[in-house]
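Visitor: Here's a structure for you.
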Amino acid sequence: MTTNLLQFRATKMLHTAQGRQQLDISFELEEGKLLSICGPSGAGKTTVLRIIAGLTDPDSGHIAIDGDIWVDTTHKINLPARKRSIGFVFQDFALFPHLTVKENLEYALSKGEDPKMVTELIEWMELTSLRDKRPALLSGGQQQRVALARAIARKPQLLLLDEPLSALDDEMRGKLQDYIIRAHRHYNLTTILVSHHLPEIFRLSDEVICLDKGQIVKQGKPADIFLEEKLSSKFKVTGEIISIVKSDIVFVVSVLCANTVVKVIATAAEAAGLQTGQIVMVASKAFNPIILKME
Amino acid sequence: MIDLQPLWLSLRLSLVTTGILLLVSLPLAYWLAYSRTRLKVVAETIVSLPMVLPPSVLGFYLLLAFSPSYTFGKFLDQYLNIRLVFTFPGLVIASVFYSLPFMVNPLLSGFRSLPPALKEASHTLGKSTVTTLIKILLPNIRPSLLTGIVLSFAHTIGEFGVVLMIGGNIPGQTRVASLAIYDEVQSMNYPMANLYSLILLVLSFSILLSVYLINQRSNKANPLP
């Protein structure tokens, strides 16, 4: 039986570049799942994460995790951030500049806790050679790994990632997605990821919530949300079109899926609706792979 | 022969004042940096007031407050047996008010220059406000901390108007170096006035120089992101 670990309901007046708008959202999340929150900037994605973490107070709301109430505005309950069992990876990582990698991780331990967890995480995240370095000397991808390791070192009930990969290039993004998936599974975490990068959402998440102007506009499995029609296909992968080349009477469409380039034949009519840079799904029914446009 | 007592008194006054200022200003600057109440604009104004107010104005009101002829001074005198006018403790309290902005403002700008996520990250890692302040915030505003300490120390050494109003220039008790210089000039003893002045000048110069050198070095060693 699956249980809902997180129950979330909150309202908050947002002051965005587009003016004032009301955030009004409620959702539930099962234990062990990875939920992505997507949507245009100013939609309230980061605010939702910050309300869960206790860094922003909602105007009204109710947040319960595993039966413990973190926020209940009708009973004036608002647990401070430090008492909530969360790991938060900030967009700019927020590593402590005066501490080494190892010290940054050790800071996350509670008093008297066995430092074994830190040693294990350092090895596991492949940070051994960097353990005595300060964050300023690390690359963006390395800093991101330290931030992820630090958030996990606390053994949180909920891991919250605020667009953690947005500052990285595509190759680094792919590698770090691997770390996130591995960490999520290995430590049996329940994770919420804020992202606006479609391939990333497809690759990482079990569930997706799309926000716009403070409201949930779509909710469900990634494939259900981003594909116009459902298919009974044998396999599906998503990727980005990197080239469309005419070859005799057909077109060869090259799609970058994860780190592999898949070549798919498309007819002139099919190719006319496609362009490079577009996110597409490659699906195979019985024999031939077909290519479908996503949002 | 030079009378070293005024110099020792100035040093003692500056050390004690700086110590108290540090204890008072840390929570005050933290509150000013992070509180969201509207009252803090008023508080910030009051803290900075001694920078623009003539020292004699501050001295005058403190004199009224401390004087046993008025309510507060009478209360101190009768119930706690404390006399602040023309005493060293009185000088310390007056100096704390007078040098407050020189400690609070550097600390405040230090706190404000830190990315808010540092403090938030510490809280999400389960650490209290005090732990966060001591282990995360203070180490990252070391240059501001040093600037605050040195500026308050140097500013207290250079005090004149306030100490004259509150202290009354009593030798051995409240006659600090800056007052001694004034006395020597009044009695036309220029060589002695020059000696005191030169000592203060060299002292102030070397203190400031060492701060700038230390800050320059720590900025190079630990560039903040």
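Residue numbers start at 1 in each chain; chains themselves are named A, B, ... in the order of the structure tokens; ligands are numbered from 1 in the order shown.
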Residues at most 10 Å from Ala183 in chain A, counting only C-alpha atoms, excluding those fewer than 6 positions away in the same chain, as a ChimeraX atom specification?
Guide: /A:121,124-125,148-149,152,177,189
Visitor: Would you mind listing, for every residue of chain A within 8 Å of chain B, the two atoms forming the shortest contact and the distance between them in Å to one decimal, using only C-alpha atoms, sorted by chain and ascending residue number, as a Markdown table?
Guide:
| residue | atom | partner | partner_atom | distance |
| --- | --- | --- | --- | --- |
| A:Ala53 | CA | B:Thr124 | CA | 7.1 |
| A:Leu55 | CA | B:Glu120 | CA | 7.0 |
| A:Ala81 | CA | B:Thr124 | CA | 5.5 |
| A:Arg82 | CA | B:Gly126 | CA | 3.9 |
| A:Lys83 | CA | B:Gly126 | CA | 6.0 |
| A:Arg84 | CA | B:Thr124 | CA | 7.5 |
| A:Ser85 | CA | B:Gly126 | CA | 7.9 |
| A:Ile86 | CA | B:Thr124 | CA | 6.5 |
| A:Gly87 | CA | B:Thr124 | CA | 6.6 |
| A:Phe88 | CA | B:Thr124 | CA | 6.6 |
| A:Phe90 | CA | B:Ala117 | CA | 7.4 |
| A:Ala94 | CA | B:Leu118 | CA | 5.3 |
| A:Leu95 | CA | B:Leu118 | CA | 7.1 |
| A:Phe96 | CA | B:Leu118 | CA | 6.7 |
| A:Pro97 | CA | B:Leu224 | CA | 6.7 |
| A:His98 | CA | B:Asn140 | CA | 6.7 |
| A:Tyr107 | CA | B:Leu125 | CA | 7.7 |
| A:Ala108 | CA | B:Leu125 | CA | 5.2 |
| A:Leu109 | CA | B:Leu125 | CA | 7.9 |
| A:Ser110 | CA | B:Gly126 | CA | 7.6 |
| A:Ala136 | CA | B:Pro225 | CA | 6.6 |
| A:Ala151 | CA | B:Leu125 | CA | 7.4 |
| A:Arg154 | CA | B:Leu125 | CA | 6.7 |
